[in-house]
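Listing of data-v2.txt, compact mmCIF, C-alpha atoms
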```txt
# COMPACT_ATOMS: atom_id res chain seq x y z
CA MET A 83 -21.13 2.65 -29.36
CA SER A 84 -19.96 4.53 -26.26
CA GLU A 85 -16.76 6.51 -26.31
CA PRO A 86 -13.80 4.95 -24.44
CA ALA A 87 -13.04 6.50 -21.08
CA PRO A 88 -10.21 9.04 -21.24
CA HIS A 89 -6.84 7.81 -20.07
CA THR A 90 -5.58 9.14 -16.73
CA SER A 91 -1.82 9.36 -16.24
CA LEU A 92 -1.00 8.71 -12.60
CA ARG A 93 2.11 10.86 -12.97
CA SER A 94 -0.06 13.90 -13.71
CA LEU A 95 -2.13 13.57 -10.56
CA GLU A 96 0.38 15.01 -8.08
CA ALA A 97 0.28 18.46 -9.71
CA ALA A 98 -3.50 18.30 -10.00
CA ALA A 99 -3.84 17.47 -6.30
CA LYS A 100 -1.42 20.22 -5.30
CA ASN A 101 -3.72 22.74 -6.98
CA VAL A 102 -6.68 21.82 -4.77
CA LEU A 103 -5.24 20.73 -1.40
CA PRO A 104 -4.09 22.95 1.47
CA GLN A 105 -0.31 23.16 1.52
CA ALA A 106 0.06 21.29 4.82
CA THR A 107 -2.17 18.46 3.61
CA PHE A 108 -0.37 18.16 0.30
CA ASP A 109 3.00 18.17 2.07
CA TYR A 110 1.87 15.41 4.43
CA ILE A 111 0.94 13.16 1.49
CA ALA A 112 3.77 14.10 -0.84
CA GLY A 113 6.59 14.37 1.70
CA GLY A 114 9.20 11.91 2.86
CA GLY A 115 11.77 11.48 5.59
CA TRP A 116 14.78 13.71 6.10
CA ASP A 117 16.16 14.79 2.68
CA GLU A 118 13.70 12.57 0.79
CA VAL A 119 16.52 10.58 -0.80
CA THR A 120 14.75 7.24 -0.43
CA MET A 121 11.49 8.66 -1.69
CA ALA A 122 13.24 9.74 -4.90
CA ALA A 123 15.10 6.43 -5.13
CA ASN A 124 11.81 4.51 -5.08
CA LEU A 125 10.80 6.23 -8.31
CA ALA A 126 14.25 6.15 -9.90
CA ALA A 127 14.73 2.41 -9.33
CA PHE A 128 12.01 1.55 -11.84
CA ARG A 129 13.80 3.61 -14.51
CA THR A 130 16.94 1.49 -14.18
CA ARG A 131 15.26 -1.82 -15.09
CA ARG A 132 15.13 -3.01 -18.69
CA LEU A 133 12.56 -5.45 -19.98
CA VAL A 134 13.13 -8.16 -22.60
CA PRO A 135 9.91 -8.69 -24.57
CA ARG A 136 9.13 -11.94 -26.36
CA VAL A 137 7.42 -11.84 -29.76
CA LEU A 138 5.09 -14.04 -31.80
CA VAL A 139 3.18 -14.92 -28.66
CA ASP A 140 -0.63 -15.03 -28.85
CA VAL A 141 -1.66 -11.95 -26.87
CA SER A 142 -5.09 -11.56 -28.43
CA ALA A 143 -6.73 -12.20 -25.04
CA VAL A 144 -4.64 -10.65 -22.29
CA THR A 145 -6.00 -11.01 -18.75
CA THR A 146 -4.76 -9.22 -15.66
CA ASN A 147 -6.66 -11.56 -13.33
CA THR A 148 -4.74 -13.17 -10.50
CA THR A 149 -5.24 -14.21 -6.87
CA LEU A 150 -4.06 -12.79 -3.56
CA LEU A 151 -4.00 -15.22 -0.63
CA GLY A 152 -6.35 -17.40 -2.63
CA THR A 153 -8.90 -14.69 -3.43
CA PRO A 154 -9.44 -13.76 -7.10
CA VAL A 155 -8.69 -10.15 -8.07
CA ALA A 156 -9.06 -8.36 -11.38
CA ALA A 157 -5.56 -6.87 -11.45
CA PRO A 158 -2.24 -7.33 -9.63
CA PHE A 159 -2.48 -4.05 -7.73
CA GLY A 160 -4.47 -2.45 -4.96
CA PHE A 161 -4.94 0.58 -2.72
CA ALA A 162 -2.22 0.62 -0.06
CA PRO A 163 -3.15 1.49 3.54
CA THR A 164 -2.89 5.25 3.94
CA ALA A 165 -4.10 7.38 6.83
CA MET A 166 -6.89 9.93 6.95
CA HIS A 167 -8.59 9.83 3.57
CA GLY A 168 -10.83 12.56 4.96
CA MET A 169 -7.96 14.89 4.06
CA VAL A 170 -8.81 14.51 0.38
CA HIS A 171 -12.51 13.54 0.27
CA PRO A 172 -15.42 14.21 2.65
CA GLU A 173 -16.46 10.54 2.65
CA GLY A 174 -12.93 9.42 3.47
CA GLU A 175 -12.12 5.74 3.06
CA LEU A 176 -15.65 4.82 2.00
CA VAL A 177 -14.85 6.04 -1.51
CA GLY A 178 -11.68 4.05 -2.03
CA ALA A 179 -13.32 0.90 -0.71
CA ARG A 180 -16.29 1.32 -3.08
CA VAL A 181 -14.15 1.99 -6.13
CA MET A 182 -11.79 -0.89 -5.56
CA ALA A 183 -14.69 -3.26 -4.86
CA ASP A 184 -16.37 -2.16 -8.08
CA LEU A 185 -13.18 -2.84 -10.05
CA GLY A 186 -12.40 -6.13 -8.30
CA MET A 187 -9.19 -4.89 -6.71
CA PRO A 188 -8.01 -5.08 -3.09
CA PHE A 189 -8.34 -2.23 -0.60
CA ALA A 190 -6.19 -2.09 2.53
CA LEU A 191 -7.59 0.04 5.36
CA SER A 192 -5.26 1.88 7.72
CA THR A 193 -5.61 1.74 11.49
CA LEU A 194 -5.51 5.54 11.23
CA SER A 195 -8.49 5.80 8.89
CA ASN A 196 -11.08 8.50 9.45
CA GLN A 197 -13.90 6.04 8.81
CA SER A 198 -14.25 2.99 11.03
CA MET A 199 -13.48 -0.46 9.67
CA GLU A 200 -17.15 -1.38 10.12
CA ALA A 201 -18.36 1.64 8.12
CA VAL A 202 -15.93 0.81 5.33
CA ALA A 203 -17.12 -2.81 5.28
CA ASP A 204 -20.73 -1.65 5.04
CA ALA A 205 -19.86 0.71 2.17
CA ALA A 206 -18.30 -2.04 0.03
CA PRO A 207 -19.69 -5.39 1.19
CA GLY A 208 -18.47 -7.34 -1.85
CA GLY A 209 -14.92 -6.03 -1.90
CA LEU A 210 -11.65 -7.62 -0.89
CA ARG A 211 -10.53 -5.71 2.20
CA TRP A 212 -7.42 -6.13 4.31
CA PHE A 213 -6.89 -4.35 7.63
CA GLN A 214 -3.53 -2.71 8.32
CA LEU A 215 -2.55 -2.90 11.97
CA TYR A 216 -0.39 -0.46 13.87
CA VAL A 217 0.18 -2.36 17.09
CA ASN A 218 -1.02 -0.08 19.87
CA ILE A 219 0.95 0.27 23.09
CA ASP A 220 -2.22 -1.02 24.74
CA ARG A 221 -2.29 -4.61 23.47
CA GLY A 222 -5.95 -4.83 24.37
CA VAL A 223 -6.67 -2.12 21.79
CA ALA A 224 -4.52 -3.90 19.20
CA ARG A 225 -6.33 -7.18 19.82
CA SER A 226 -9.71 -5.49 19.55
CA HIS A 227 -8.69 -4.09 16.15
CA VAL A 228 -7.88 -7.57 14.86
CA GLU A 229 -11.06 -9.09 16.29
CA ARG A 230 -13.20 -6.27 14.90
CA ALA A 231 -11.60 -6.67 11.46
CA ALA A 232 -12.30 -10.40 11.46
CA ALA A 233 -15.92 -9.81 12.49
CA ALA A 234 -16.35 -7.16 9.77
CA GLY A 235 -15.24 -9.48 6.98
CA TYR A 236 -11.69 -8.32 6.35
CA ARG A 237 -9.61 -11.06 4.76
CA ALA A 238 -6.11 -10.43 6.15
CA ILE A 239 -4.25 -8.50 8.84
CA VAL A 240 -1.36 -6.41 7.52
CA VAL A 241 1.02 -5.72 10.39
CA THR A 242 3.16 -2.67 9.68
CA VAL A 243 6.56 -3.20 11.29
CA ASP A 244 8.70 -0.33 9.98
CA VAL A 245 7.18 2.31 12.28
CA PRO A 246 8.59 1.77 15.77
CA GLY A 247 8.21 5.54 15.86
CA ASP A 248 7.39 8.19 13.31
CA GLY A 249 10.12 9.19 10.85
CA LEU A 250 11.57 12.70 10.80
CA ARG A 251 9.49 14.50 8.20
CA PRO A 252 10.66 18.10 7.79
CA ARG A 253 7.62 19.22 5.81
CA ASP A 254 5.25 18.14 8.61
CA LEU A 255 7.46 19.71 11.28
CA ARG A 256 7.53 22.97 9.35
CA ASN A 257 3.75 22.94 8.99
CA GLY A 258 3.00 21.68 12.51
CA PHE A 259 0.81 19.06 10.85
CA LYS A 260 -1.95 17.63 13.07
CA PRO A 261 -4.49 14.86 12.50
CA VAL A 262 -7.32 15.66 10.12
CA GLY A 263 -10.78 14.65 11.29
CA ARG A 264 -11.18 11.82 13.79
CA TYR A 265 -9.76 8.32 13.75
CA GLY A 266 -12.63 5.92 13.24
CA ASN A 267 -10.87 2.90 14.78
CA LEU A 268 -9.45 4.49 17.94
CA GLU A 269 -11.96 4.78 20.75
CA SER A 270 -9.89 6.89 23.16
CA GLY A 271 -6.45 8.17 24.05
CA VAL A 272 -6.03 10.48 21.06
CA ASP A 273 -5.09 14.13 21.56
CA TYR A 274 -6.02 15.68 18.24
CA ASP A 275 -4.27 18.92 19.12
CA THR A 276 -0.92 17.11 19.22
CA PRO A 277 1.35 17.19 16.15
CA LEU A 278 0.95 13.93 14.27
CA ALA A 279 4.52 12.73 14.83
CA ASP A 280 4.14 13.06 18.61
CA LEU A 281 0.75 11.41 18.56
CA LEU A 282 2.06 8.38 16.67
CA ASP A 283 5.04 8.03 18.98
CA GLY A 284 2.56 7.85 21.87
CA LEU A 285 0.25 5.28 20.24
CA ILE A 286 2.47 2.79 18.40
CA ASP A 287 4.36 0.15 20.38
CA GLY A 288 8.08 0.64 19.81
CA ALA A 289 8.82 -2.50 21.84
CA LEU A 290 7.30 -4.82 19.22
CA THR A 291 9.47 -7.87 18.40
CA TRP A 292 9.17 -11.04 16.33
CA SER A 293 7.70 -12.99 19.23
CA ASP A 294 4.76 -10.59 19.21
CA ILE A 295 3.86 -11.70 15.68
CA ASP A 296 3.01 -15.12 17.09
CA GLU A 297 0.66 -13.48 19.60
CA ILE A 298 -1.00 -11.35 16.91
CA ARG A 299 -1.59 -14.43 14.76
CA SER A 300 -3.39 -16.06 17.70
CA TRP A 301 -5.98 -13.27 17.87
CA SER A 302 -7.87 -14.45 14.77
CA ASP A 303 -7.89 -17.01 11.99
CA LEU A 304 -7.02 -14.38 9.39
CA PRO A 305 -3.73 -14.69 7.48
CA VAL A 306 -1.07 -12.22 8.58
CA VAL A 307 0.99 -10.14 6.15
CA ILE A 308 4.12 -8.41 7.44
CA LYS A 309 4.53 -4.97 5.85
CA GLY A 310 7.74 -2.96 5.90
CA ILE A 311 10.31 -5.62 5.00
CA VAL A 312 13.42 -4.75 2.98
CA SER A 313 15.94 -7.19 4.51
CA PRO A 314 16.06 -10.81 3.25
CA ALA A 315 16.90 -11.89 6.82
CA ASP A 316 13.72 -10.25 8.07
CA ALA A 317 11.75 -11.87 5.25
CA VAL A 318 12.95 -15.28 6.43
CA LEU A 319 11.94 -14.43 10.00
CA ALA A 320 8.51 -13.32 8.82
CA VAL A 321 7.93 -16.68 7.17
CA GLU A 322 9.28 -18.54 10.19
CA HIS A 323 6.75 -16.68 12.35
CA GLY A 324 3.87 -17.73 10.14
CA ALA A 325 3.40 -14.82 7.74
CA ALA A 326 1.30 -15.67 4.70
CA GLY A 327 2.59 -12.59 2.92
CA VAL A 328 5.73 -10.44 3.00
CA TRP A 329 5.18 -6.83 1.93
CA VAL A 330 8.34 -5.15 0.68
CA SER A 331 8.15 -1.47 1.60
CA ASN A 332 10.18 1.40 2.99
CA HIS A 333 6.95 3.24 3.83
CA GLY A 334 7.15 5.35 0.70
CA GLY A 335 10.45 6.85 1.84
CA ARG A 336 8.75 8.35 4.89
CA GLN A 337 10.78 6.57 7.56
CA LEU A 338 14.57 6.03 7.47
CA ASP A 339 16.10 8.12 4.70
CA ARG A 340 18.75 6.52 2.48
CA ALA A 341 17.15 3.14 3.08
CA ILE A 342 17.21 0.83 0.06
CA SER A 343 14.48 1.39 -2.52
CA SER A 344 11.61 -1.08 -2.42
CA LEU A 345 12.29 -2.35 -5.94
CA ASP A 346 15.99 -2.91 -5.20
CA ALA A 347 15.03 -4.82 -2.06
CA LEU A 348 12.44 -6.96 -3.84
CA GLY A 349 14.63 -9.51 -5.64
CA PRO A 350 16.67 -10.60 -2.60
CA VAL A 351 13.49 -10.83 -0.50
CA VAL A 352 11.78 -12.99 -3.12
CA ALA A 353 14.84 -15.27 -3.25
CA ALA A 354 14.82 -15.59 0.55
CA VAL A 355 11.11 -16.33 0.79
CA GLY A 356 10.83 -18.72 -2.14
CA ASP A 357 7.37 -20.23 -2.39
CA ARG A 358 6.68 -20.08 1.35
CA ALA A 359 4.72 -16.82 1.21
CA GLU A 360 3.38 -14.31 -1.29
CA VAL A 361 5.49 -11.18 -1.77
CA TYR A 362 4.04 -7.72 -2.42
CA LEU A 363 5.60 -4.31 -3.04
CA ASP A 364 4.74 -0.66 -2.63
CA SER A 365 6.59 2.62 -3.19
CA GLY A 366 7.38 4.08 -6.60
CA VAL A 367 4.73 2.47 -8.82
CA ARG A 368 3.29 5.03 -11.22
CA ASP A 369 2.24 3.20 -14.41
CA GLY A 370 1.52 -0.17 -15.95
CA VAL A 371 5.11 -0.75 -16.99
CA ASP A 372 6.10 -0.31 -13.34
CA VAL A 373 3.50 -2.94 -12.38
CA VAL A 374 4.85 -5.42 -14.91
CA THR A 375 8.44 -4.64 -13.91
CA ALA A 376 7.69 -5.39 -10.25
CA LEU A 377 6.02 -8.65 -11.23
CA ALA A 378 9.04 -9.62 -13.33
CA CYS A 379 11.18 -8.95 -10.25
CA GLY A 380 9.07 -11.41 -8.27
CA ALA A 381 6.19 -9.49 -6.70
CA ARG A 382 2.79 -11.15 -6.61
CA ALA A 383 1.12 -7.72 -6.61
CA VAL A 384 1.87 -4.07 -5.96
CA PHE A 385 0.05 -1.46 -3.90
CA LEU A 386 -0.24 2.29 -4.46
CA GLY A 387 -0.85 5.05 -1.94
CA ARG A 388 0.04 8.58 -3.03
CA PRO A 389 -1.24 8.34 -6.65
CA PHE A 390 -4.66 7.11 -5.56
CA LEU A 391 -4.92 9.81 -2.87
CA TYR A 392 -4.02 12.39 -5.51
CA ALA A 393 -6.73 10.96 -7.77
CA LEU A 394 -9.30 11.30 -4.96
CA ALA A 395 -8.23 14.85 -4.24
CA ALA A 396 -8.26 15.99 -7.85
CA GLY A 397 -11.24 14.07 -9.19
CA GLY A 398 -13.22 12.52 -6.36
CA GLU A 399 -14.75 9.08 -6.76
CA ALA A 400 -14.82 9.32 -10.56
CA GLY A 401 -11.19 10.42 -10.55
CA LEU A 402 -10.08 7.43 -8.52
CA HIS A 403 -12.12 5.07 -10.69
CA ALA A 404 -10.51 6.52 -13.81
CA ALA A 405 -7.00 6.31 -12.34
CA ALA A 406 -7.31 2.67 -11.27
CA SER A 407 -9.00 1.71 -14.54
CA SER A 408 -6.26 3.44 -16.52
CA LEU A 409 -3.58 1.61 -14.56
CA ALA A 410 -5.30 -1.70 -15.32
CA LEU A 411 -5.40 -0.82 -19.01
CA GLU A 412 -1.73 0.19 -18.99
CA THR A 413 -0.83 -3.07 -17.26
CA ALA A 414 -2.67 -5.09 -19.89
CA LYS A 415 -0.97 -3.16 -22.71
CA ALA A 416 2.45 -3.68 -21.14
CA MET A 417 1.72 -7.39 -20.76
CA ALA A 418 0.76 -7.69 -24.43
CA LEU A 419 3.91 -5.92 -25.58
CA LEU A 420 6.02 -8.05 -23.25
CA GLY A 421 4.51 -11.19 -24.77
CA THR A 422 2.77 -12.30 -21.57
CA PRO A 423 -0.99 -12.86 -21.92
CA ARG A 424 -1.34 -14.00 -18.28
CA ILE A 425 0.11 -12.70 -15.03
CA GLU A 426 1.77 -16.05 -14.35
CA ASP A 427 3.69 -15.75 -17.64
CA ILE A 428 5.71 -12.79 -16.29
CA GLY A 429 9.04 -13.74 -14.76
CA PRO A 430 12.71 -12.87 -14.29
CA HIS A 431 13.50 -14.06 -17.81
CA HIS A 432 11.83 -10.83 -18.96
CA LEU A 433 14.50 -8.74 -17.22
CA ALA A 434 17.74 -7.78 -18.93
CA GLY A 435 20.71 -9.24 -17.08
CA ALA A 436 18.63 -11.66 -15.03
```
Is it possible to give me this structure as C-alpha cells?
Amino acid sequence: MSEPAPHTSLRSLEAAAKNVLPQATFDYIAGGGWDEVTMAANLAAFRTRRLVPRVLVDVSAVTTNTTLLGTPVAAPFGFAPTAMHGMVHPEGELVGARVMADLGMPFALSTLSNQSMEAVADAAPGGLRWFQLYVNIDRGVARSHVERAAAAGYRAIVVTVDVPGDGLRPRDLRNGFKPVGRYGNLESGVDYDTPLADLLDGLIDGALTWSDIDEIRSWSDLPVVIKGIVSPADAVLAVEHGAAGVWVSNHGGRQLDRAISSLDALGPVVAAVGDRAEVYLDSGVRDGVDVVTALACGARAVFLGRPFLYALAAGGEAGLHAAASSLALETAKAMALLGTPRIEDIGPHHLAGA
C-alpha cells in the first residue's frame, strides 16, 4: 500500500516562497495597498467566525463535489486569476491550468498572463477554465479577448471591476516593479520598461460603467461573472445587468485600503443576490476551515491566489498539486467534523449567532 501524500499547510508557503523569490517579485505577490490594513483584515475576518457543528450525522462518505455555473467540479475552490505566473515558474500559467484540470478544479486565467489563453487551453484541454477580463481602453482589444476565450473553450468571462486604475502599492513603488516576461494576451501597446502601476493605468479603461456590462455580454454566449463586488447595491446591479455570478473580492487588499474584508462583505451580498446568481469569494482563504466558513456564509465557492503562487514558487508543479490536494483534504475533514457530508448541507445554521 502506498504511503499517503504529506500534508501541505498553505500558511507555511509564504515563508517558503520568500526564501526562493527575488525580493521585488515576492513583494509584488505578497503586498497590498497603502498600509495593508485591508489585506490583514481579509485574514483576520475568518478568525472571528465561530462554527456550530452538528453530531450523530452519517459522515462516512463525505464528498466535496459541487457545480459552478452548471459544470461539475471536485471541490468548492479554484485558482483565482493572478498576473504573470512566469514570475514563479518558467512555464507560467500552463502549470496551474494542468494541475487544476488534473484535480477537477477551476482555473481562472488573467488577462495579464504570461502565457496566451490559447496556449493554456492546449496545455489542459479537459479542464474548467474561466477567462478574467480587464477591459482595455481599446474596446476592440477587449472584444477580441472575449471572442478568443470563447473560441479556445473557456467557460465564463470574469470581468474585474475594482481596478479603474492600479492601487497605491508602496512595496512596488519602492522596488520600481516592472512586468515580468511578456503578456501572452496583449498583442501591442505594452511598454515593458514602464513601472507596472503606470502600465496598468494606461491599459485598463477607467471609464467603464454598468452599461458596458451589457455590451460585454453581447460579445459571446459565455456567462459573465462580475469580480470585485463588496457592496450589496452593486451586487443587485450586477444581477440586473445579467451577471451569472457575483465574485466578492477586494482584490486581496491590493486596491483601496481600509475597504471592508471580503468575508464581512459576503453575507450582505448573498442576501441581496438571493438565488439569482452564484456568489464566489476570494481574499483570506488559507485552509479547509476557511473554505467551509465561507460556504456557511453563503459562498458557492472560493478562489485562492497568493497561496497557490507561493506553492508554485516553492515546489513547482508538484508543490501546487500537493497544496491544492491538501486543501481538498482539509475541506473534507472540516465538513465531516461540522456534520455536513455534502457541500449543499453547509449553511448559515452552522454559524454561531446566525
Spatial sel., origin (-10.2, -1.4, -7.6), limit 10 Å, all atoms listed in the file, listed as a compact mmCIF listing (two decimals) with C-alpha atoms, in the coordinates of the input:
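Wrote result16.txt, looks like this:
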```txt
# COMPACT_ATOMS: atom_id res chain seq x y z
CA VAL A 155 -8.69 -10.15 -8.07
CA ALA A 156 -9.06 -8.36 -11.38
CA ALA A 157 -5.56 -6.87 -11.45
CA PHE A 159 -2.48 -4.05 -7.73
CA GLY A 160 -4.47 -2.45 -4.96
CA PHE A 161 -4.94 0.58 -2.72
CA GLY A 178 -11.68 4.05 -2.03
CA ALA A 179 -13.32 0.90 -0.71
CA ARG A 180 -16.29 1.32 -3.08
CA VAL A 181 -14.15 1.99 -6.13
CA MET A 182 -11.79 -0.89 -5.56
CA ALA A 183 -14.69 -3.26 -4.86
CA ASP A 184 -16.37 -2.16 -8.08
CA LEU A 185 -13.18 -2.84 -10.05
CA GLY A 186 -12.40 -6.13 -8.30
CA MET A 187 -9.19 -4.89 -6.71
CA PRO A 188 -8.01 -5.08 -3.09
CA PHE A 189 -8.34 -2.23 -0.60
CA GLY A 209 -14.92 -6.03 -1.90
CA LEU A 210 -11.65 -7.62 -0.89
CA LEU A 402 -10.08 7.43 -8.52
CA HIS A 403 -12.12 5.07 -10.69
CA ALA A 405 -7.00 6.31 -12.34
CA ALA A 406 -7.31 2.67 -11.27
CA SER A 407 -9.00 1.71 -14.54
CA ALA A 410 -5.30 -1.70 -15.32
```
Between atom CA of A:Thr153 and atom CA of A:Val352, measure the distance and give it in Å to one decimal.
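Atom CA of A:Thr153 sits 20.8 Å away from atom CA of A:Val352.
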Give the answer as one residue: which of A:Ile298, A:Ala127, A:Ala353, A:Leu377 has the shortest atom-to-atom distance to A:Asn218, using only C-alpha atoms?
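Of all the options, A:Ile298 lies closest to A:Asn218.
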Residues near stretch 195-202 of chain A, cut-off 7 Å, all atoms listed in the file, skip fewer than 3 positions along chain, as a VMD selection string
chain A and resid 165 to 168 174 to 176 179 191 to 192 205 to 206 231 234 263 to 267
Can I get the selection written as a short mmCIF file (atom, residue, chain, number, x, y, z; two decimals), keeping the file's coordinate frame, with C-alpha atoms?
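again_36.cif was written with the following content:
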```cif
data_model
loop_
_atom_site.label_atom_id
_atom_site.label_comp_id
_atom_site.auth_asym_id
_atom_site.auth_seq_id
_atom_site.Cartn_x
_atom_site.Cartn_y
_atom_site.Cartn_z
CA ALA A 165 -4.10 7.38 6.83
CA MET A 166 -6.89 9.93 6.95
CA HIS A 167 -8.59 9.83 3.57
CA GLY A 168 -10.83 12.56 4.96
CA GLY A 174 -12.93 9.42 3.47
CA GLU A 175 -12.12 5.74 3.06
CA LEU A 176 -15.65 4.82 2.00
CA ALA A 179 -13.32 0.90 -0.71
CA LEU A 191 -7.59 0.04 5.36
CA SER A 192 -5.26 1.88 7.72
CA ALA A 205 -19.86 0.71 2.17
CA ALA A 206 -18.30 -2.04 0.03
CA ALA A 231 -11.60 -6.67 11.46
CA ALA A 234 -16.35 -7.16 9.77
CA GLY A 263 -10.78 14.65 11.29
CA ARG A 264 -11.18 11.82 13.79
CA TYR A 265 -9.76 8.32 13.75
CA GLY A 266 -12.63 5.92 13.24
CA ASN A 267 -10.87 2.90 14.78
#
```
Find the residue from A:Glu360, A:Asp316, A:Asp339, A:Glu96 that sits nearest to A:Gly397; use all atoms listed in the file when measuring.
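Looking only at the distances to A:Gly397, the closest residue turns out to be A:Glu96.
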Under the rule of at most 10 Å, produce a per-residue listing of stretch 114-143 of chain A near stretch 236-249 of chain A: chain, number, name, the closest pair of atoms, and the distance in Å, as CSV, using all atoms listed in the file.
```
residue,atom,partner,partner_atom,distance
A:Gly114,CA,A:Gly249,CA,8.5
A:Gly115,CA,A:Gly249,CA,6.0
A:Trp116,CA,A:Gly249,CA,8.0
```
Excluding stretch 417-430 of chain A and its own-chain neighbours fewer than 4 positions away, which residues fall within 8 Å of it when counting all atoms listed in the file? Please give them as a PyMOL selection string.
chain A and resi 133-148+158+374+377-380+413+436
Atom CA of A:Asn257 and atom CA of A:Pro277, how far apart in Å?
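Atom-to-atom, atom CA of A:Pro277 and atom CA of A:Asn257 are spaced 9.5 Å apart.
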